[in-house]
Structures are given as structure tokens and as C-alpha cells.
file data-v1.txt (compact mmCIF, C-alpha atoms)
# COMPACT_ATOMS: atom_id res chain seq x y z
CA MET A 1 0.00 0.00 0.00
CA GLN A 2 1.80 3.07 -1.29
CA GLU A 3 0.33 5.66 1.12
CA LEU A 4 1.45 3.58 4.09
CA LYS A 5 4.92 3.00 2.68
CA ASP A 6 5.27 6.73 2.05
CA ARG A 7 4.20 7.52 5.60
CA ILE A 8 6.66 5.05 7.08
CA ARG A 9 9.42 6.58 4.94
CA GLU A 10 8.46 10.07 6.17
CA GLN A 11 7.68 9.44 9.83
CA GLY A 12 8.76 5.91 10.76
CA ARG A 13 11.98 5.53 12.72
CA ASN A 14 14.21 2.53 13.22
CA LEU A 15 14.97 2.49 16.95
CA GLY A 16 17.30 -0.51 16.70
CA ASN A 17 16.75 -4.15 17.74
CA GLY A 18 14.04 -4.51 15.11
CA ILE A 19 11.84 -1.88 16.76
CA ILE A 20 10.06 0.56 14.47
CA LYS A 21 8.46 3.72 15.78
CA VAL A 22 5.14 4.35 14.03
CA ASP A 23 3.32 5.91 16.97
CA GLY A 24 2.58 9.12 15.07
CA PHE A 25 -0.07 7.41 12.92
CA LEU A 26 -0.71 3.87 14.21
CA THR A 27 0.19 2.86 17.77
CA HIS A 28 -0.41 5.99 19.89
CA GLN A 29 -1.71 8.73 17.62
CA VAL A 30 -3.94 7.33 14.86
CA ASP A 31 -4.31 8.96 11.45
CA LEU A 32 -7.92 8.07 10.62
CA HIS A 33 -7.56 8.89 6.94
CA LEU A 34 -4.62 6.52 6.57
CA MET A 35 -6.21 3.82 8.76
CA THR A 36 -9.44 4.03 6.76
CA LEU A 37 -7.45 3.32 3.59
CA ALA A 38 -5.67 0.46 5.39
CA GLY A 39 -8.97 -1.03 6.61
CA GLN A 40 -10.53 -0.76 3.17
CA GLU A 41 -7.52 -2.44 1.55
CA LEU A 42 -7.53 -5.31 4.05
CA ALA A 43 -11.29 -5.70 3.55
CA ARG A 44 -10.80 -5.83 -0.23
CA ARG A 45 -8.12 -8.50 0.02
CA PHE A 46 -10.25 -10.73 2.26
CA THR A 47 -13.71 -10.27 0.71
CA HIS A 48 -13.41 -13.70 -0.94
CA THR A 49 -13.07 -15.41 2.44
CA GLY A 50 -16.64 -14.65 3.52
CA ALA A 51 -15.41 -13.55 6.95
CA ASN A 52 -18.29 -12.63 9.25
CA LYS A 53 -16.15 -11.42 12.16
CA VAL A 54 -12.87 -9.55 12.64
CA LEU A 55 -10.76 -10.54 15.64
CA THR A 56 -7.86 -8.61 17.17
CA VAL A 57 -6.28 -8.21 20.57
CA GLU A 58 -5.91 -5.06 22.64
CA ILE A 59 -4.28 -2.57 22.32
CA SER A 60 -2.83 -1.14 19.13
CA GLY A 61 -4.54 -3.69 16.89
CA ILE A 62 -7.91 -2.19 17.77
CA ALA A 63 -7.83 0.89 15.50
CA PRO A 64 -6.92 -0.93 12.25
CA ALA A 65 -9.27 -3.79 13.15
CA VAL A 66 -12.15 -1.34 13.75
CA LEU A 67 -11.63 0.16 10.31
CA THR A 68 -11.33 -3.25 8.62
CA ALA A 69 -14.52 -4.48 10.31
CA LEU A 70 -16.23 -1.21 9.35
CA ALA A 71 -15.26 -1.70 5.69
CA MET A 72 -16.38 -5.36 5.76
CA GLN A 73 -19.61 -4.49 7.63
CA VAL A 74 -19.02 -7.22 10.21
CA PRO A 75 -18.59 -7.07 14.00
CA LEU A 76 -15.19 -6.81 15.67
CA VAL A 77 -14.11 -8.79 18.72
CA PHE A 78 -11.04 -7.59 20.59
CA ALA A 79 -9.49 -10.18 22.87
CA ARG A 80 -8.58 -8.94 26.34
CA LYS A 81 -5.34 -9.26 28.30
CA ALA A 82 -7.09 -9.07 31.66
CA LYS A 83 -10.46 -10.64 32.39
CA PRO A 84 -13.15 -8.00 32.98
CA ILE A 85 -15.79 -8.79 35.61
CA THR A 86 -18.41 -8.64 32.87
CA MET A 87 -17.10 -11.92 31.38
CA PRO A 88 -18.54 -15.30 32.31
CA SER A 89 -16.38 -17.63 34.43
CA GLN A 90 -15.68 -20.00 31.53
CA VAL A 91 -13.63 -18.26 28.83
CA TYR A 92 -11.25 -19.14 26.03
CA GLU A 93 -7.80 -18.34 27.32
CA THR A 94 -4.19 -18.76 26.23
CA THR A 95 -0.98 -16.77 26.58
CA ALA A 96 1.32 -14.80 24.28
CA PRO A 97 4.62 -12.99 24.83
CA SER A 98 4.21 -9.38 25.97
CA HIS A 99 5.95 -6.64 24.01
CA THR A 100 5.82 -4.04 26.76
CA LYS A 101 5.96 -6.07 29.96
CA GLY A 102 8.17 -9.03 29.07
CA GLY A 103 7.07 -12.54 30.00
CA LEU A 104 3.70 -13.94 28.99
CA VAL A 105 0.33 -12.22 29.11
CA PRO A 106 -3.09 -13.88 28.98
CA ILE A 107 -5.23 -13.54 25.85
CA ILE A 108 -8.91 -13.99 26.69
CA ILE A 109 -12.12 -14.20 24.63
CA SER A 110 -15.66 -14.74 25.88
CA PRO A 111 -17.39 -17.79 24.37
CA GLU A 112 -20.44 -15.55 23.97
CA TYR A 113 -18.88 -13.84 20.96
CA LEU A 114 -16.93 -16.53 19.15
CA GLY A 115 -18.13 -19.99 18.21
CA PRO A 116 -19.08 -22.52 15.54
CA GLY A 117 -20.44 -20.79 12.45
CA ASP A 118 -18.10 -17.83 12.79
CA ARG A 119 -15.68 -17.21 9.93
CA VAL A 120 -12.89 -15.21 11.51
CA LEU A 121 -10.40 -12.77 10.00
CA ILE A 122 -7.59 -11.91 12.42
CA VAL A 123 -6.28 -8.34 12.02
CA ASP A 124 -3.37 -6.84 13.91
CA ASP A 125 -1.12 -3.81 13.60
CA PHE A 126 2.07 -5.89 13.27
CA LEU A 127 2.98 -9.32 11.97
CA ALA A 128 6.39 -9.90 13.56
CA THR A 129 7.17 -13.27 15.18
CA GLY A 130 3.54 -14.31 14.73
CA GLN A 131 3.22 -15.50 18.31
CA THR A 132 0.36 -13.15 19.26
CA ILE A 133 -1.55 -14.03 16.10
CA ALA A 134 -0.89 -17.74 16.71
CA ALA A 135 -2.38 -17.31 20.19
CA LEU A 136 -5.52 -15.75 18.69
CA ALA A 137 -5.69 -18.59 16.16
CA ARG A 138 -5.61 -21.15 19.00
CA LEU A 139 -8.61 -19.45 20.61
CA VAL A 140 -10.48 -19.42 17.27
CA GLN A 141 -9.85 -23.16 16.97
CA GLU A 142 -10.86 -23.80 20.59
CA SER A 143 -14.15 -21.95 20.01
CA GLY A 144 -15.08 -24.11 17.04
CA ALA A 145 -15.03 -21.12 14.68
CA SER A 146 -13.18 -21.19 11.35
CA LEU A 147 -10.10 -19.06 10.80
CA VAL A 148 -10.30 -17.72 7.23
CA GLY A 149 -7.44 -15.22 7.05
CA ILE A 150 -4.76 -13.15 8.75
CA GLY A 151 -4.17 -9.48 7.95
CA ALA A 152 -1.56 -7.09 9.29
CA VAL A 153 -0.82 -3.45 8.64
CA ILE A 154 2.97 -3.85 8.84
CA GLU A 155 4.90 -7.09 8.45
CA LYS A 156 8.49 -7.40 9.63
CA SER A 157 9.37 -10.38 7.47
CA PHE A 158 12.80 -10.80 9.11
CA GLU A 159 11.08 -11.97 12.30
CA GLY A 160 9.64 -15.02 10.56
CA GLY A 161 5.96 -14.70 11.47
CA ARG A 162 4.69 -15.77 8.07
CA GLN A 163 6.59 -19.09 8.29
CA HIS A 164 5.44 -19.58 11.88
CA LEU A 165 1.79 -19.15 10.84
CA SER A 166 1.93 -21.09 7.55
CA PRO A 167 0.70 -24.38 9.13
CA LEU A 168 -2.63 -22.60 9.72
CA ASN A 169 -3.10 -22.78 5.96
CA VAL A 170 -5.00 -19.51 5.54
CA PRO A 171 -4.21 -16.47 3.39
CA ILE A 172 -1.86 -14.00 5.10
CA GLU A 173 -1.82 -10.42 3.85
CA SER A 174 0.14 -7.41 5.05
CA LEU A 175 -0.06 -3.90 3.64
CA VAL A 176 3.68 -3.26 3.74
CA VAL A 177 6.54 -5.69 4.25
CA ILE A 178 9.74 -4.55 5.94
CA GLU A 179 12.55 -6.88 4.95
CA ARG A 180 15.48 -5.44 6.89
CA MET A 181 16.09 -2.89 9.62
CA ASP A 182 19.85 -2.73 9.92
CA ASP A 183 22.05 0.39 9.96
CA HIS A 184 19.15 2.64 11.03
CA GLN A 185 17.44 1.89 7.72
CA ILE A 186 13.96 0.63 7.01
CA VAL A 187 14.13 -1.52 3.88
CA PHE A 188 10.87 -2.57 2.22
CA ALA A 189 10.58 -5.95 0.49
CA HIS A 190 9.24 -4.52 -2.78
CA MET B 1 -29.52 8.31 21.32
CA GLN B 2 -32.46 6.02 20.72
CA GLU B 3 -30.61 3.17 18.93
CA LEU B 4 -28.18 2.88 21.82
CA LYS B 5 -30.90 2.97 24.43
CA ASP B 6 -32.80 0.25 22.56
CA ARG B 7 -29.68 -1.90 22.36
CA ILE B 8 -28.98 -1.53 26.08
CA ARG B 9 -32.60 -2.48 26.79
CA GLU B 10 -32.25 -5.58 24.56
CA GLN B 11 -28.74 -6.76 25.40
CA GLY B 12 -27.42 -4.83 28.41
CA ARG B 13 -27.41 -6.59 31.75
CA ASN B 14 -27.22 -5.22 35.25
CA LEU B 15 -24.65 -7.41 37.02
CA GLY B 16 -25.09 -5.68 40.38
CA ASN B 17 -22.82 -3.19 42.19
CA GLY B 18 -23.39 -0.65 39.42
CA ILE B 19 -21.77 -2.88 36.80
CA ILE B 20 -23.44 -3.00 33.40
CA LYS B 21 -22.59 -5.66 30.84
CA VAL B 22 -22.45 -4.15 27.35
CA ASP B 23 -19.70 -6.37 25.98
CA GLY B 24 -21.84 -7.63 23.12
CA PHE B 25 -21.64 -4.30 21.27
CA LEU B 26 -19.15 -1.99 23.02
CA THR B 27 -16.47 -3.37 25.35
CA HIS B 28 -15.47 -6.76 23.86
CA GLN B 29 -17.48 -7.30 20.70
CA VAL B 30 -18.06 -4.03 18.83
CA ASP B 31 -21.09 -3.37 16.63
CA LEU B 32 -19.59 -1.08 14.01
CA HIS B 33 -22.96 0.11 12.73
CA LEU B 34 -24.02 1.23 16.21
CA MET B 35 -20.59 2.69 17.03
CA THR B 36 -20.57 4.63 13.75
CA LEU B 37 -23.88 6.23 14.74
CA ALA B 38 -22.45 6.94 18.22
CA GLY B 39 -19.30 8.52 16.76
CA GLN B 40 -21.31 10.64 14.34
CA GLU B 41 -23.60 11.84 17.11
CA LEU B 42 -20.70 12.78 19.40
CA ALA B 43 -19.02 14.56 16.47
CA ARG B 44 -22.22 16.49 15.77
CA ARG B 45 -22.56 17.61 19.39
CA PHE B 46 -18.96 18.86 19.55
CA THR B 47 -18.55 20.43 16.10
CA HIS B 48 -18.91 23.90 17.65
CA THR B 49 -15.86 23.34 19.87
CA GLY B 50 -13.40 23.34 16.96
CA ALA B 51 -11.66 20.25 18.39
CA ASN B 52 -8.64 19.23 16.32
CA LYS B 53 -7.83 16.05 18.25
CA VAL B 54 -9.76 13.28 20.01
CA LEU B 55 -8.16 11.78 23.13
CA THR B 56 -9.07 8.54 24.86
CA VAL B 57 -7.32 5.90 26.94
CA GLU B 58 -6.87 2.23 26.18
CA ILE B 59 -8.80 -0.07 26.07
CA SER B 60 -12.53 0.01 25.48
CA GLY B 61 -12.60 3.74 24.80
CA ILE B 62 -10.65 3.19 21.60
CA ALA B 63 -13.47 1.95 19.34
CA PRO B 64 -15.94 4.80 20.04
CA ALA B 65 -13.07 7.33 19.97
CA VAL B 66 -11.90 6.01 16.57
CA LEU B 67 -15.39 6.49 15.15
CA THR B 68 -15.76 9.96 16.67
CA ALA B 69 -12.38 11.06 15.30
CA LEU B 70 -13.31 9.56 11.94
CA ALA B 71 -16.55 11.56 11.85
CA MET B 72 -14.73 14.75 12.91
CA GLN B 73 -11.86 14.13 10.47
CA VAL B 74 -9.25 14.71 13.15
CA PRO B 75 -6.51 12.45 14.59
CA LEU B 76 -7.04 10.27 17.65
CA VAL B 77 -4.54 9.86 20.47
CA PHE B 78 -5.03 6.94 22.83
CA ALA B 79 -3.20 7.28 26.13
CA ARG B 80 -1.32 4.16 27.25
CA LYS B 81 -1.34 2.35 30.58
CA ALA B 82 2.18 1.00 30.11
CA LYS B 83 4.99 2.92 28.49
CA PRO B 84 6.01 1.40 25.16
CA ILE B 85 9.72 1.48 24.27
CA THR B 86 8.85 3.66 21.28
CA MET B 87 8.06 6.59 23.61
CA PRO B 88 10.63 9.23 24.54
CA SER B 89 11.93 9.24 28.12
CA GLN B 90 10.04 12.41 29.04
CA VAL B 91 6.27 11.82 28.93
CA TYR B 92 3.09 13.22 30.43
CA GLU B 93 2.06 10.79 33.14
CA THR B 94 -0.53 10.55 35.87
CA THR B 95 -2.56 7.76 37.50
CA ALA B 96 -6.19 6.69 37.58
CA PRO B 97 -8.06 3.91 39.40
CA SER B 98 -8.08 0.61 37.51
CA HIS B 99 -11.42 -1.07 36.83
CA THR B 100 -10.01 -4.52 36.19
CA LYS B 101 -6.90 -4.66 38.37
CA GLY B 102 -7.82 -2.56 41.40
CA GLY B 103 -5.37 0.07 42.66
CA LEU B 104 -3.98 2.76 40.43
CA VAL B 105 -2.67 2.42 36.88
CA PRO B 106 -0.48 4.89 35.02
CA ILE B 107 -1.96 6.97 32.18
CA ILE B 108 0.74 8.07 29.75
CA ILE B 109 0.85 10.35 26.70
CA SER B 110 3.85 11.25 24.57
CA PRO B 111 4.53 15.01 24.34
CA GLU B 112 5.07 14.43 20.62
CA TYR B 113 1.33 14.18 20.04
CA LEU B 114 -0.25 16.64 22.46
CA GLY B 115 0.74 20.23 23.07
CA PRO B 116 -0.07 23.93 22.84
CA GLY B 117 -2.36 24.64 19.89
CA ASP B 118 -4.28 21.38 20.29
CA ARG B 119 -7.99 21.65 21.02
CA VAL B 120 -8.83 18.33 22.65
CA LEU B 121 -12.10 16.41 22.87
CA ILE B 122 -11.90 13.55 25.38
CA VAL B 123 -14.06 10.54 24.40
CA ASP B 124 -14.55 7.42 26.49
CA ASP B 125 -16.95 4.48 26.58
CA PHE B 126 -18.19 5.27 30.09
CA LEU B 127 -18.61 8.35 32.24
CA ALA B 128 -18.92 6.89 35.75
CA THR B 129 -16.95 8.42 38.64
CA GLY B 130 -15.10 10.63 36.16
CA GLN B 131 -11.69 9.78 37.63
CA THR B 132 -10.21 8.35 34.42
CA ILE B 133 -11.44 11.33 32.40
CA ALA B 134 -10.12 13.70 35.08
CA ALA B 135 -6.71 12.01 34.71
CA LEU B 136 -6.78 12.58 30.95
CA ALA B 137 -7.80 16.21 31.54
CA ARG B 138 -4.76 16.70 33.84
CA LEU B 139 -2.49 15.47 31.04
CA VAL B 140 -4.16 17.82 28.55
CA GLN B 141 -3.52 20.70 30.93
CA GLU B 142 0.08 19.62 31.56
CA SER B 143 0.73 19.53 27.80
CA GLY B 144 -0.45 23.11 27.31
CA ALA B 145 -3.30 21.98 25.05
CA SER B 146 -6.88 23.21 25.54
CA LEU B 147 -9.60 20.84 26.68
CA VAL B 148 -12.76 21.73 24.74
CA GLY B 149 -15.18 18.93 25.60
CA ILE B 150 -15.87 15.54 27.17
CA GLY B 151 -18.00 12.91 25.44
CA ALA B 152 -19.07 9.47 26.66
CA VAL B 153 -21.14 6.73 25.12
CA ILE B 154 -22.82 5.72 28.39
CA GLU B 155 -23.10 7.84 31.52
CA LYS B 156 -23.92 6.31 34.89
CA SER B 157 -25.13 9.51 36.50
CA PHE B 158 -25.48 7.87 39.94
CA GLU B 159 -21.66 7.67 40.17
CA GLY B 160 -21.32 11.45 40.10
CA GLY B 161 -18.79 11.89 37.30
CA ARG B 162 -20.49 14.94 35.82
CA GLN B 163 -20.24 16.81 39.14
CA HIS B 164 -16.63 15.67 39.59
CA LEU B 165 -15.71 17.06 36.15
CA SER B 166 -17.78 20.27 36.31
CA PRO B 167 -14.82 22.41 37.54
CA LEU B 168 -13.20 21.78 34.15
CA ASN B 169 -15.88 24.07 32.73
CA VAL B 170 -16.27 22.33 29.35
CA PRO B 171 -19.37 20.83 27.71
CA ILE B 172 -20.01 17.22 28.81
CA GLU B 173 -22.17 15.05 26.56
CA SER B 174 -23.21 11.43 26.88
CA LEU B 175 -25.35 9.48 24.44
CA VAL B 176 -27.40 7.72 27.09
CA VAL B 177 -27.71 8.44 30.80
CA ILE B 178 -28.40 5.62 33.25
CA GLU B 179 -29.91 7.05 36.39
CA ARG B 180 -30.35 3.98 38.56
CA MET B 181 -29.32 0.32 38.52
CA ASP B 182 -31.07 -1.18 41.52
CA ASP B 183 -33.19 -4.36 41.60
CA HIS B 184 -31.55 -5.74 38.45
CA GLN B 185 -33.04 -2.87 36.48
CA ILE B 186 -31.39 -0.38 34.17
CA VAL B 187 -33.30 2.91 34.48
CA PHE B 188 -32.58 5.67 31.97
CA ALA B 189 -32.71 9.32 33.00
CA HIS B 190 -35.07 10.36 30.20
call {"tool": "encode", "arguments": {"input": "data-v1.txt", "output": "C-alpha cells"}}
result
Amino acid sequence: MQELKDRIREQGRNLGNGIIKVDGFLTHQVDLHLMTLAGQELARRFTHTGANKVLTVEISGIAPAVLTALAMQVPLVFARKAKPITMPSQVYETTAPSHTKGGLVPIIISPEYLGPGDRVLIVDDFLATGQTIAALARLVQESGASLVGIGAVIEKSFEGGRQHLSPLNVPIESLVVIERMDDHQIVFAH
Amino acid sequence: MQELKDRIREQGRNLGNGIIKVDGFLTHQVDLHLMTLAGQELARRFTHTGANKVLTVEISGIAPAVLTALAMQVPLVFARKAKPITMPSQVYETTAPSHTKGGLVPIIISPEYLGPGDRVLIVDDFLATGQTIAALARLVQESGASLVGIGAVIEKSFEGGRQHLSPLNVPIESLVVIERMDDHQIVFAH
């Protein structure tokens, strides 16, 4: 997606250790014009899957997932990392590595909003190692729903997430692919 | 807002202790049609303020704030509860009571995305005690930006948030007002 690549070139910063700063338009401040285009493009790429639900996990996946679900005219479910008191006692739960806290964090979905008959598109801001998305995919499987696709705004292909998720055997789409981040550069795949 | 009131009547549940379950359309699963109407209505009520930025805090404020910012064609900033490594060392930080964890949690905004010249509309899913919104308002003040309004999807007027926030002297709007929640009922103010 050219607009997104241009924005990363203008405002993205390579902070070292594979960390990219995109908090001016995606992960802290959100540019709604750009995210609307991103959501529409993800929706277009997954129309053929017949997804009837978008799934993401708090926190920075929520904005792009909202705009994808809006474009697809389907509901969004965002998995939680702490169980709210409004959830029933029995939930779908697994763990994934935390980016900000280190260690593992819970990933929790209420069985009220995911189950057999659902065709689920997972959307997240980043596809990096794929471990968070794999955790969401486990919960989709546990619920009896069908996973039909995985979409990310930014893929860091050098972290191997696409290979890690390939056994799920669903289409994986990202709007830009970053191939390398050495020497303070941000190198796109194509 | 009639559509929202109808939905709360149909699907909302009073779990006791002032807790309302609205996770089928707002706080876990998000109905994008309903949230688009909510965002458009909040945008309409605050057009006169000349807001150039919407501010919320993770987590369940993000979806309604995204749709309000989208309708107003302004950027959204969502404050964080943990400091990501992409933030500079100097940040605006305060604390607010945690709903899910008990105790106090940090509320953090990068000075890169809030400052003098910004006219800020705070949007959150709930206006209850007003303590979270008051925390956001302190950060707006610290940044040198102007707070121009406070919008909430659901107000629980019996928790006194509107009184708590009245010294801020800005318009406060909520799309539905719940006046009482005793005897398993959900009683709207009007």
C-alpha cells in the first residue's frame, strides 16, 4: 500500500533491535484517513473469504481492526489481556509474549462472541514473530469457529511470522513488508 | 440516542454493584454500525468546539473514539497504561483507578502528540466516577493543550462523574444516561 509505505518513509523511525516507531499514525496517535485506507484495503483482500467477524487483541490492533470491520460491515471482537468482571467464568484463554511487559500475558475471549459458524479474520497492527496471532488462532480453533485469514498493517518479514503461521493454511496479507532494519534503515521488500 | 438505548434495553445486563454488561456491542465485541452512529452523534454535538484532536485511553474507549475522530476528520490519540519502548523518556504521566486490576494504573501520553495549539475532545466508553477522564484532563492541561469537551457513550449519573468534572468548565455530553441500577433494572434518565 503506497500511502502507508510513504508515511513510514516520512515518519517511521528505526529504533534498533528490530523496533520501528510508528506511533505518530498507528500505535499511539492514529491517522484516521490513513487507517481508513488500510482497513478498506484489508477488507478488499479478504472479501473472498466470507469472513463474518474480525478478531484482534488489545491494544494497538484495535484501530486498524475497527476500520477493517467497518469496511467489511461485520462485528469486531477484541481479545482482552485481563479478564473484565463482565465476562462469564468460563472463557477461552491462552498466553502470548508481551511486548511491553516481558514474559507472557493472557489472551482472553468470551465464548459468547466466538463460536461454531463464525468465519474469523484476524487483524493486527504488526505481523512480527507471529506469536500473538498464533495465540488468537488457538482461541479461534478452541471456540469451534473457522479461521479464514490473517491481515496485518505492517509485516516485519525478518522476524519469521509468516513461516510460523503457515501451518494454519490460511491467506496471510500485510499492507507493507519490511525486509530489513539494519544500519538505522527501514528496507521494504518490494 | 435512541438506537443505543434500545440496544442496552435488549442486550445490556445489570450485574449488580453498578456494573453494566455491554460487551456484546461496546467493550469486547463491537457493533460497528451502532458505534458509527455513536461517533457521528458525538461529532455532531462537539462540532462547535473546533476540536482538532480526540483523546481517549486504552482499552474500550478506543473503538468509540476512533469512530468519533473519523466523523470529525481529526486524529485520535489513545493514552497508554504502560509505556512502550517507542516513547521518549520524558512523557506526560498521571494515574487513575483501575477497573479490572484494582489500585492505580499509570496513564501516559507522549509530548510528541499533544501540546499547545491542540484543542482536545476527550471521548470514552463510560462516564462513571469521572476519575479516568479527570486524569486525561490533567495530562491535557500539563501539555499546554486546551480541553474543549468531554463525550461518553454511556453515563452512569449515579456515580457522580459529571459533578466531579464540572470544575473543568467544558461541555459534557453522553449518548445515554443511566440514572439507577437497583433491583436488576437499568433505568434511563429520560
call {"tool": "interface_residues", "arguments": {"input": "data-v1.txt", "of": "chain B", "to": "chain A", "cutoff": "6 Å", "atoms": "all atoms listed in the file", "output": "PyMOL selection string"}}
result
chain B and resi 21+28-32+70+75-78+84+86+100
call {"tool": "atom_distance", "arguments": {"input": "data-v1.txt", "atom1": "CA of Lys156 in chain A", "atom2": "CA of Phe126 in chain A"}}
result
7.5 Å
call {"tool": "axis_aligned_box", "arguments": {"input": "data-v1.txt", "around": "range 79-96 of chain A", "padding_each_side": "4 Å", "output": "lines of an AutoDock Vina configuration file"}}
result
center_x = -8.6
center_y = -14.0
center_z = 29.2
size_x = 27.9
size_y = 20.0
size_z = 20.7
call {"tool": "residues_around", "arguments": {"input": "data-v1.txt", "residues": "His164 in chain A", "least_positions_apart": "4", "cutoff": "12 Å", "atoms": "only C-alpha atoms", "output": "list in words"}}
result
Leu127, Ala128, Thr129, Gly130, Gln131, Thr132, Ile133, Ala134, Ala135, Ala137, Ser157, Phe158, Glu159, Gly160, Leu168, Asn169 and Ile172 of chain A
call {"tool": "atom_distance", "arguments": {"input": "data-v1.txt", "atom1": "CA of Ala51 in chain A", "atom2": "CA of Ile122 in chain A"}}
result
9.7 Å
call {"tool": "residues_near_point", "arguments": {"input": "data-v1.txt", "point": "(-25.1, 15.7, 20.5)", "cutoff": "10 Å", "atoms": "only C-alpha atoms", "output": "list in words"}}
result
Met1, Ala38, Gly39, Gln40, Glu41, Leu42, Ala43, Arg44, Arg45, Phe46, Thr47, Gly151, Ile172, Glu173, Ser174 and Leu175 of chain B
call {"tool": "atom_distance", "arguments": {"input": "data-v1.txt", "atom1": "CA of Arg162 in chain B", "atom2": "CA of Leu147 in chain B"}}
result
15.4 Å
call {"tool": "residues_around", "arguments": {"input": "data-v1.txt", "residues": "range 102-106 of chain B", "least_positions_apart": "5", "cutoff": "7 Å", "atoms": "all atoms listed in the file", "output": "PDB file with C-alpha atoms, in the frame of the given file"}}
result
ATOM      1  CA  LYS B  81      -1.340   2.350  30.580  1.00  0.00           C
ATOM      2  CA  ALA B  82       2.180   1.000  30.110  1.00  0.00           C
ATOM      3  CA  GLU B  93       2.060  10.790  33.140  1.00  0.00           C
ATOM      4  CA  THR B  94      -0.530  10.550  35.870  1.00  0.00           C
ATOM      5  CA  THR B  95      -2.560   7.760  37.500  1.00  0.00           C
ATOM      6  CA  ALA B  96      -6.190   6.690  37.580  1.00  0.00           C
ATOM      7  CA  PRO B  97      -8.060   3.910  39.400  1.00  0.00           C
TER       8      PRO B  97
END
call {"tool": "residues_around", "arguments": {"input": "data-v1.txt", "residues": "range 186-189 of chain B", "least_positions_apart": "5", "cutoff": "7 Å", "atoms": "all atoms listed in the file", "output": "compact mmCIF listing (two decimals) with C-alpha atoms, keeping the file's coordinate frame"}}
result
# COMPACT_ATOMS: atom_id res chain seq x y z
CA ASN B 14 -27.22 -5.22 35.25
CA VAL B 177 -27.71 8.44 30.80
CA ILE B 178 -28.40 5.62 33.25
CA GLU B 179 -29.91 7.05 36.39
CA ARG B 180 -30.35 3.98 38.56
CA MET B 181 -29.32 0.32 38.52
call {"tool": "closest_residue", "arguments": {"input": "data-v1.txt", "among": "B:Ile150, B:Asp183, B:Val123, B:Pro116", "to": "Pro171 in chain B", "atoms": "all atoms listed in the file"}}
result
B:Ile150
call {"tool": "residues_around", "arguments": {"input": "data-v1.txt", "residues": "Tyr92 in chain B", "least_positions_apart": "6", "cutoff": "9 Å", "atoms": "all atoms listed in the file", "output": "PDB file with C-alpha atoms, in the frame of the given file"}}
result
ATOM      1  CA  ILE B 107      -1.960   6.970  32.180  1.00  0.00           C
ATOM      2  CA  ILE B 108       0.740   8.070  29.750  1.00  0.00           C
ATOM      3  CA  ILE B 109       0.850  10.350  26.700  1.00  0.00           C
ATOM      4  CA  SER B 110       3.850  11.250  24.570  1.00  0.00           C
ATOM      5  CA  PRO B 111       4.530  15.010  24.340  1.00  0.00           C
ATOM      6  CA  LEU B 139      -2.490  15.470  31.040  1.00  0.00           C
ATOM      7  CA  VAL B 140      -4.160  17.820  28.550  1.00  0.00           C
ATOM      8  CA  GLU B 142       0.080  19.620  31.560  1.00  0.00           C
ATOM      9  CA  SER B 143       0.730  19.530  27.800  1.00  0.00           C
TER      10      SER B 143
END
call {"tool": "decode", "arguments": {"input": "data-v1.txt", "residues": "range 66-78 of chain B", "atoms": "N, CA and C atoms", "output": "compact mmCIF listing (two decimals), in the first residue's frame"}}
result
# COMPACT_ATOMS: atom_id res chain seq x y z
N VAL B 66 -12.28 6.13 17.99
CA VAL B 66 -11.90 6.01 16.57
C VAL B 66 -13.04 6.53 15.70
N LEU B 67 -14.26 6.13 16.02
CA LEU B 67 -15.39 6.49 15.15
C LEU B 67 -15.80 7.94 15.32
N THR B 68 -15.54 8.53 16.49
CA THR B 68 -15.76 9.96 16.67
C THR B 68 -14.72 10.77 15.90
N ALA B 69 -13.46 10.37 16.03
CA ALA B 69 -12.38 11.06 15.30
C ALA B 69 -12.58 10.93 13.79
N LEU B 70 -13.04 9.76 13.36
CA LEU B 70 -13.31 9.56 11.94
C LEU B 70 -14.38 10.53 11.45
N ALA B 71 -15.46 10.66 12.23
CA ALA B 71 -16.55 11.56 11.85
C ALA B 71 -16.11 13.02 11.89
N MET B 72 -15.20 13.37 12.80
CA MET B 72 -14.73 14.75 12.91
C MET B 72 -13.56 15.05 11.98
N GLN B 73 -13.04 13.99 11.34
CA GLN B 73 -11.86 14.13 10.47
C GLN B 73 -10.68 14.77 11.17
N VAL B 74 -10.41 14.27 12.38
CA VAL B 74 -9.25 14.71 13.15
C VAL B 74 -8.50 13.47 13.65
N PRO B 75 -7.24 13.61 14.05
CA PRO B 75 -6.51 12.45 14.59
C PRO B 75 -7.02 12.05 15.97
N LEU B 76 -6.74 10.80 16.31
CA LEU B 76 -7.04 10.27 17.65
C LEU B 76 -5.71 10.01 18.35
N VAL B 77 -5.66 10.33 19.64
CA VAL B 77 -4.54 9.86 20.47
C VAL B 77 -5.13 8.96 21.55
N PHE B 78 -4.60 7.76 21.68
CA PHE B 78 -5.03 6.94 22.83
C PHE B 78 -3.88 6.86 23.83
